[in-house]
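Participant: What follows is a structure written as structure tokens; I'll ask about it next.
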Amino acid sequence: MLIPQFIATISAISDLPPSSAAPLPSVIPTASPELVRARAVLARVREEIIPREGQSTNYGVTFSDAGYETLIKWNEQIKVDAHCANGYESLNLLLPCCDWAMPSRDEEKNCACGHHQALEGLSKKLLHDGWDSHATQSEVTKWTRFLFPVEALTQEMERRAQLDPEIKQALDELIARGEC
């Protein structure tokens, strides 16, 4: 699967048409059993922590581009009222893309990036609908992981590797092979 990309890259660099690229090797190396196991561990952790594209939620949107756009619309439409303000300001909306994390009822102080606007919209909607701050934070975490899967998976593998020898071994193997 990487070889066609590699050939296309080499062809583009050398200005040769793809048909004149070197023939594919007749034997493609297979992954070691250790690497196969490490990839399986990684896939299992990914399945556990990162919502699937199109997965439904309990609040009427799916984990998708359309769901993301809905969250942004909620941010525009819903204002933080006195009933929700303390819960809203208690949330942690830290993202890998910037160091802003704590939403304010004074929305002029909030980050204006799309990812944060989506998480703010989600937070306002759920709190407005009666969700408590812990359940809201849980949904914020799911969306953060959906929006930033590589960072979320890396962080989770590193966290679990401290406690689980199988995951530590898998992480070490993936790092050694340049896959993580």
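In the structure tokens, the first chain shown is A, the next is B, and so on; residue numbers restart at 1 for each chain, and ligands run from 1 in the order shown.
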With a cut-off of 6 Å, could you pull out the residues of range 36-93 of chain A touching range 119-139 of chain A and give me the nearest pair of atoms for each, distance in Å to one decimal, using only C-alpha atoms, ordered by chain and ascending number, as JSON lines?
Facilitator:
{"residue": "A:Leu71", "atom": "CA", "partner": "A:Gly121", "partner_atom": "CA", "distance": 5.0}
{"residue": "A:Ile72", "atom": "CA", "partner": "A:Gly121", "partner_atom": "CA", "distance": 5.6}
{"residue": "A:Trp74", "atom": "CA", "partner": "A:Gly121", "partner_atom": "CA", "distance": 4.7}
{"residue": "A:Asn75", "atom": "CA", "partner": "A:Gly121", "partner_atom": "CA", "distance": 3.5}
{"residue": "A:Cys84", "atom": "CA", "partner": "A:Leu127", "partner_atom": "CA", "distance": 5.9}
{"residue": "A:Gly87", "atom": "CA", "partner": "A:Ser133", "partner_atom": "CA", "distance": 5.3}
Participant: Need the shell around range 142-156 of chain A: protein/DNA/RNA residues with any atom at most 7 Å away, counting only C-alpha atoms. Skip same-chain ones fewer than 3 positions apart. Format as a count of residues only?
Facilitator: 8
Participant: Find, counting only C-alpha atoms, the residue in A:Ala118, A:Leu42, A:Val61, A:Ala66 that gets nearest to Leu93 in chain A.
Facilitator: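 Ranked by minimum distance to Leu93 in chain A, first place goes to A:Ala118.
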Participant: How many Å separate CA of Gln117 in chain A from CA of Lys73 in chain A?
Facilitator: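 Here the two named atoms are 8.8 Å from each other.
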Participant: Of the candidates A:Asn110, A:Gln169, A:Ser104, A:Gln55, which shows the shortest atom-to-atom distance to Ala85 in chain A, using only C-alpha atoms?
Facilitator: A:Ser104
Participant: Using only C-alpha atoms, can you tell me which of A:Glu76, A:Glu69, A:Glu53, A:Asp172 comes closest to Met157 in chain A?
Facilitator: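 Smallest separation from Met157 in chain A among the options: A:Asp172.
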Participant: Could you write out, as a PyMOL selection string, all the residues of chain A that DSSP marks as alpha helix (DSSP H)?
Facilitator: chain A and resi 2-14+33-49+65-77+82-89+114-128+133-147+149-161+165-176
Participant: Just the selected residues (C-alpha atoms), exported as an mmCIF file, in the first residue's frame, please.
Facilitator:
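Heads up, here's the output in selection38.cif:
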data_model
loop_
_atom_site.group_PDB
_atom_site.id
_atom_site.type_symbol
_atom_site.label_atom_id
_atom_site.label_comp_id
_atom_site.auth_asym_id
_atom_site.auth_seq_id
_atom_site.Cartn_x
_atom_site.Cartn_y
_atom_site.Cartn_z
ATOM 1 C CA LEU A 2 2.940 2.360 0.573
ATOM 2 C CA ILE A 3 4.814 1.202 -2.530
ATOM 3 C CA PRO A 4 2.392 2.820 -5.043
ATOM 4 C CA GLN A 5 2.603 6.076 -3.063
ATOM 5 C CA PHE A 6 6.391 5.783 -3.015
ATOM 6 C CA ILE A 7 6.532 5.163 -6.774
ATOM 7 C CA ALA A 8 4.197 8.100 -7.413
ATOM 8 C CA THR A 9 6.404 10.321 -5.242
ATOM 9 C CA ILE A 10 9.602 9.179 -6.963
ATOM 10 C CA SER A 11 7.976 9.654 -10.385
ATOM 11 C CA ALA A 12 6.872 13.159 -9.483
ATOM 12 C CA ILE A 13 10.330 14.081 -8.224
ATOM 13 C CA SER A 14 12.104 12.717 -11.297
ATOM 14 C CA PRO A 33 4.986 -11.025 14.593
ATOM 15 C CA GLU A 34 5.911 -8.386 17.186
ATOM 16 C CA LEU A 35 4.850 -5.579 14.854
ATOM 17 C CA VAL A 36 1.616 -7.379 13.968
ATOM 18 C CA ARG A 37 0.818 -7.708 17.701
ATOM 19 C CA ALA A 38 1.738 -4.064 18.336
ATOM 20 C CA ARG A 39 -0.550 -2.894 15.537
ATOM 21 C CA ALA A 40 -3.367 -5.045 16.948
ATOM 22 C CA VAL A 41 -2.921 -3.471 20.400
ATOM 23 C CA LEU A 42 -2.957 -0.011 18.835
ATOM 24 C CA ALA A 43 -6.123 -0.837 16.876
ATOM 25 C CA ARG A 44 -7.807 -2.154 20.028
ATOM 26 C CA VAL A 45 -6.990 1.008 22.003
ATOM 27 C CA ARG A 46 -8.144 3.164 19.082
ATOM 28 C CA GLU A 47 -11.454 1.290 18.974
ATOM 29 C CA GLU A 48 -11.898 1.814 22.721
ATOM 30 C CA ILE A 49 -11.253 5.561 22.867
ATOM 31 C CA ASP A 65 -18.247 16.819 9.574
ATOM 32 C CA ALA A 66 -21.984 17.539 9.657
ATOM 33 C CA GLY A 67 -22.034 16.914 13.415
ATOM 34 C CA TYR A 68 -19.079 19.255 13.851
ATOM 35 C CA GLU A 69 -20.916 21.972 11.907
ATOM 36 C CA THR A 70 -24.000 21.462 14.100
ATOM 37 C CA LEU A 71 -21.893 21.989 17.226
ATOM 38 C CA ILE A 72 -20.592 25.268 15.797
ATOM 39 C CA LYS A 73 -24.170 26.384 15.051
ATOM 40 C CA TRP A 74 -25.151 25.566 18.639
ATOM 41 C CA ASN A 75 -22.332 27.804 19.809
ATOM 42 C CA GLU A 76 -23.752 30.665 17.755
ATOM 43 C CA GLN A 77 -27.368 30.043 18.805
ATOM 44 C CA ALA A 82 -26.887 31.969 34.802
ATOM 45 C CA HIS A 83 -28.222 28.419 35.253
ATOM 46 C CA CYS A 84 -25.362 26.911 33.210
ATOM 47 C CA ALA A 85 -22.531 29.389 33.786
ATOM 48 C CA ASN A 86 -20.712 27.655 36.650
ATOM 49 C CA GLY A 87 -20.834 24.253 34.967
ATOM 50 C CA TYR A 88 -19.704 25.785 31.683
ATOM 51 C CA GLU A 89 -16.744 27.531 33.273
ATOM 52 C CA GLY A 114 -13.501 26.286 14.977
ATOM 53 C CA HIS A 115 -12.557 23.352 17.189
ATOM 54 C CA HIS A 116 -13.123 25.358 20.349
ATOM 55 C CA GLN A 117 -16.331 26.872 18.988
ATOM 56 C CA ALA A 118 -17.598 23.334 18.372
ATOM 57 C CA LEU A 119 -16.729 22.206 21.904
ATOM 58 C CA GLU A 120 -18.259 25.371 23.351
ATOM 59 C CA GLY A 121 -21.443 24.756 21.356
ATOM 60 C CA LEU A 122 -21.591 21.153 22.533
ATOM 61 C CA SER A 123 -21.044 22.247 26.136
ATOM 62 C CA LYS A 124 -23.701 24.947 26.031
ATOM 63 C CA LYS A 125 -26.238 22.608 24.409
ATOM 64 C CA LEU A 126 -25.734 19.764 26.868
ATOM 65 C CA LEU A 127 -25.706 21.978 29.964
ATOM 66 C CA HIS A 128 -28.766 23.857 28.671
ATOM 67 C CA SER A 133 -20.757 19.064 34.045
ATOM 68 C CA HIS A 134 -19.188 15.585 34.421
ATOM 69 C CA ALA A 135 -21.336 14.056 31.665
ATOM 70 C CA THR A 136 -20.716 17.135 29.510
ATOM 71 C CA GLN A 137 -16.948 16.840 30.069
ATOM 72 C CA SER A 138 -17.129 13.204 28.993
ATOM 73 C CA GLU A 139 -18.738 14.208 25.673
ATOM 74 C CA VAL A 140 -16.191 17.013 25.216
ATOM 75 C CA THR A 141 -13.447 14.406 25.647
ATOM 76 C CA LYS A 142 -15.046 12.137 23.024
ATOM 77 C CA TRP A 143 -15.221 14.992 20.508
ATOM 78 C CA THR A 144 -11.654 16.053 21.288
ATOM 79 C CA ARG A 145 -10.496 12.509 20.589
ATOM 80 C CA PHE A 146 -12.540 12.388 17.383
ATOM 81 C CA LEU A 147 -11.094 15.704 16.176
ATOM 82 C CA PRO A 149 -7.234 11.066 16.941
ATOM 83 C CA VAL A 150 -3.458 10.818 16.528
ATOM 84 C CA GLU A 151 -2.757 12.989 19.550
ATOM 85 C CA ALA A 152 -5.429 11.238 21.619
ATOM 86 C CA LEU A 153 -4.155 7.786 20.716
ATOM 87 C CA THR A 154 -0.541 8.726 21.421
ATOM 88 C CA GLN A 155 -1.447 10.183 24.799
ATOM 89 C CA GLU A 156 -3.564 7.157 25.731
ATOM 90 C CA MET A 157 -0.910 4.643 24.650
ATOM 91 C CA GLU A 158 1.712 6.504 26.696
ATOM 92 C CA ARG A 159 -0.597 6.611 29.715
ATOM 93 C CA ARG A 160 -1.503 2.925 29.502
ATOM 94 C CA ALA A 161 2.111 1.878 28.857
ATOM 95 C CA PRO A 165 3.424 -4.296 30.039
ATOM 96 C CA GLU A 166 1.663 -5.472 26.852
ATOM 97 C CA ILE A 167 0.916 -1.902 25.821
ATOM 98 C CA LYS A 168 4.429 -0.758 26.762
ATOM 99 C CA GLN A 169 5.887 -3.507 24.574
ATOM 100 C CA ALA A 170 3.541 -2.557 21.715
ATOM 101 C CA LEU A 171 4.374 1.137 22.047
ATOM 102 C CA ASP A 172 8.118 0.412 22.122
ATOM 103 C CA GLU A 173 7.765 -1.740 18.985
ATOM 104 C CA LEU A 174 5.749 0.918 17.152
ATOM 105 C CA ILE A 175 8.237 3.632 18.091
ATOM 106 C CA ALA A 176 11.184 1.445 17.049
#
Participant: So how far away is CA of Lys79 in chain A from CA of Asn58 in chain A, in Å?
Facilitator: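 The value is 21.2 Å.
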Participant: Hey, can you check how far CA of Ala101 in chain A sits from CA of Leu163 in chain A?
Facilitator: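 A separation of 27.5 Å between them.
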Participant: Considering only C-alpha atoms, state which residue in the set A:Asp81, A:Leu91, A:Cys180, A:Ser32 is at the smallest distance from Pro103 in chain A.
Facilitator: A:Leu91
